[in-house]
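Participant: So that we are looking at the same thing, I have put the structure below in structure tokens.
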Amino acid sequence: MQGSARPSQSGSLLAEVTLLASLGVIWGITFPVSHLGVSAGANPFWLFVVDAGVATGVMAVVAAVLGGPRPGLRSALLSAGSGALLIGGINLPLFWGEQFATGGAASIVYACSPAVSFGVLLFLRHHTPLRGLQAIGLALGIMGVSVLALGAGGHAAISNPWAMGAFGLGATCQGIGAVLVGRLKPHGEDRWGQTYQFAGAAAAGGVVAVALAPAGGLPASPAVIGSVAYFALASLVLGYSIFFELIRRAGAVTANLVTFLNPIVAVAVGVVAFGEAFQSVELIGLGIVLAALALLQPTLRLPTRHGPGPDATSSAPAHPAS
């Protein structure tokens with residue numbers, strides 16, 4: 001994912017929308033699939049460690065086969081630390097909370113992460129004004145998530161209030177982590193950088209698993225194996241390749257708009273594949289979320305110190321990309 005000549009504005013927007021939609025499908029399916037592994041008896045922390053470990057190995061093979069320069073020690077450590085926060089911080093709370101909630105309910109809470117990213121950017125760039133359409137779009141997105149939450153609550157989708165806190169922590173890590181990656185790696189992560197991101201996430205997960213669930217295990221059931229295969233290969237390897245490309249092209253806030261799409265896919269998969277009930281209030285919420293996306297996608301472009309650019313999170317100095 002090295003930098004290249006900037007395409008036309010319309011072509012760039014089409015590419016960003018395509019990437020966003022693809023990632024929304026991949027990560028939307030991830031919520032019910034990861035819930036499937038947890039509900040099949042896998043310890044949530046060790047399940048994530050295995051997922052991240054498999055993704056690390058696969059990404060290392062891809063990087064070795066396709067070639068490319070290996071990052072220096074500083075860049076590798078930066079990627080590993082970012083992965084611990086961005087990938088580990090998102091998914092460890094998610095996996096734990098899915099013991100007490102459906103995948104669709106988890107995706108609803110995670111849809112708050114664009115607002116977190118935008119808030120972090122405003123804190124870092126207090127002189128940056130909040131544009132009208134951005135404010136309306138973010139407000140609509142949060143409103144849609146709230147409506148969906150009302151619908152999910154009708155199904156008692158979250159049985160433990162601590163699960164809501166865990167999902168909120170994960171959404172916060174996604175919002176903050178995406179901004180930090182965009183600032184520290186404004187040109188994105190290449191294949192070796194992603195490998196170290198996954199390795200950092202696996203290491204963070206291992207520390208948490210040893211501390212909180214030393215006797216945890218993973219049953220070798222088809223549900224657990226299928227969950228590991230999808231999460232490691234689709235959600236991590238493919239999904240984060242797209243996510244880092246979106247950060248490079250459009251910045252953290254735009255990349256995190258995928259969390260508005262996730263509930264749409266997660267609820268649909270839950271209804272079709274798992275026979276979950278569907279309320280009219282949820283349909284209303286989905287419509288509001290789509291309206292928010294229509295407002296946010298073409299307008300979320302924050303200027304850098306040296307003028308407008310494709311990355312809303314970088315502040316112009318030359319950071320080494322890996």
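Note on naming: chains are A, B, ... as they come in the structure tokens, residues start from 1 per chain, ligands start from 1 in the order shown.
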Write out as an MDAnalysis selection string all residues of stretch 193-239 of chain A that DSSP puts in alpha helix (DSSP H) for this structure's backbone.
Facilitator: chainID A and resid 193:212 222:230 239
Participant: Extract, using only C-alpha atoms, all DNA, RNA and protein residues at most 10 Å from A:Ser241, discarding same-chain residues fewer than 3 positions from it, and format them as a ChimeraX atom specification.
Facilitator: /A:1,23,188-191,194,234-238,244-246
Participant: Find the residues around stretch 89-94 of chain A up to 10 Å (only C-alpha atoms counted), leave out those fewer than 5 positions away in its own chain, and share them as number ranges by chain.
Facilitator: A: 31, 34-35, 44-49, 52, 82-84, 99, 101, 103, 106-107, 110, 163-175, 177, 201, 204-205, 208-209
Participant: Any idea what the distance is between atom CA of A:Ile108 and atom CA of A:Gly141?
Facilitator: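 Between atom CA of A:Ile108 and atom CA of A:Gly141 the gap works out to 10.6 Å.
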Participant: So that I can see what lies close to stretch 115-120 of chain A, please list as a list in words the residues with an atom at most 7 Å from it, counting only C-alpha atoms and leaving out residues fewer than 2 positions away in the same chain.
Facilitator: Cys112, Ser113, Leu122, Phe123, Leu124, Leu138, Thr172, Gly175, Ile176, Val179, Ala252 and Val253 of chain A
Participant: Taking only C-alpha atoms into account, which of A:Arg183, A:Ala111, A:Ile26, A:Ile247 comes nearest A:Leu286?
Facilitator: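 Closest residue, counting only C-alpha atoms: A:Ala111.
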Participant: Write out as a tab-separated table the residues of stretch 167-223 of chain A that have any atom within 8 Å of an atom of stretch 56-64 of chain A, one row each with the nearest atom pair and its distance in Å to one decimal, counting only C-alpha atoms, sorted by chain and then rising number.
Facilitator:
residue	atom	partner	partner_atom	distance
A:Arg191	CA	A:Ala63	CA	5.2
A:Trp192	CA	A:Ala63	CA	5.8
A:Gln194	CA	A:Met59	CA	7.2
A:Thr195	CA	A:Thr56	CA	5.3
A:Tyr196	CA	A:Thr56	CA	7.4
A:Phe198	CA	A:Thr56	CA	5.2
A:Ala199	CA	A:Thr56	CA	5.6
Participant: Grab the residues selected above and save them as a PDB file, in the first residue's frame with C-alpha atoms.
Facilitator:
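What landed in again10.pdb:
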ATOM      1  CA  ARG A 191       2.508  -5.808   4.556  1.00  0.00           C
ATOM      2  CA  TRP A 192       5.363  -6.003   7.075  1.00  0.00           C
ATOM      3  CA  GLN A 194       0.553  -5.108   9.263  1.00  0.00           C
ATOM      4  CA  THR A 195       2.447  -8.204  10.370  1.00  0.00           C
ATOM      5  CA  TYR A 196       3.881  -6.302  13.318  1.00  0.00           C
ATOM      6  CA  PHE A 198      -1.006  -8.307  14.383  1.00  0.00           C
ATOM      7  CA  ALA A 199       1.984  -9.463  16.422  1.00  0.00           C
TER       8      ALA A 199
END
Participant: Report, in Å with one decimal, the straight-line distance from atom CA of A:Leu293 to atom CA of A:Phe260.
Facilitator: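 Atom CA of A:Phe260 lies 7.4 Å from atom CA of A:Leu293.
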Participant: Kindly indicate which residue among A:Leu261, A:Leu121, A:Val181, A:Val228 lies nearest to A:Ala294, using only C-alpha atoms for the distances.
Facilitator: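 Closest to A:Ala294, using only C-alpha atoms: A:Leu261.
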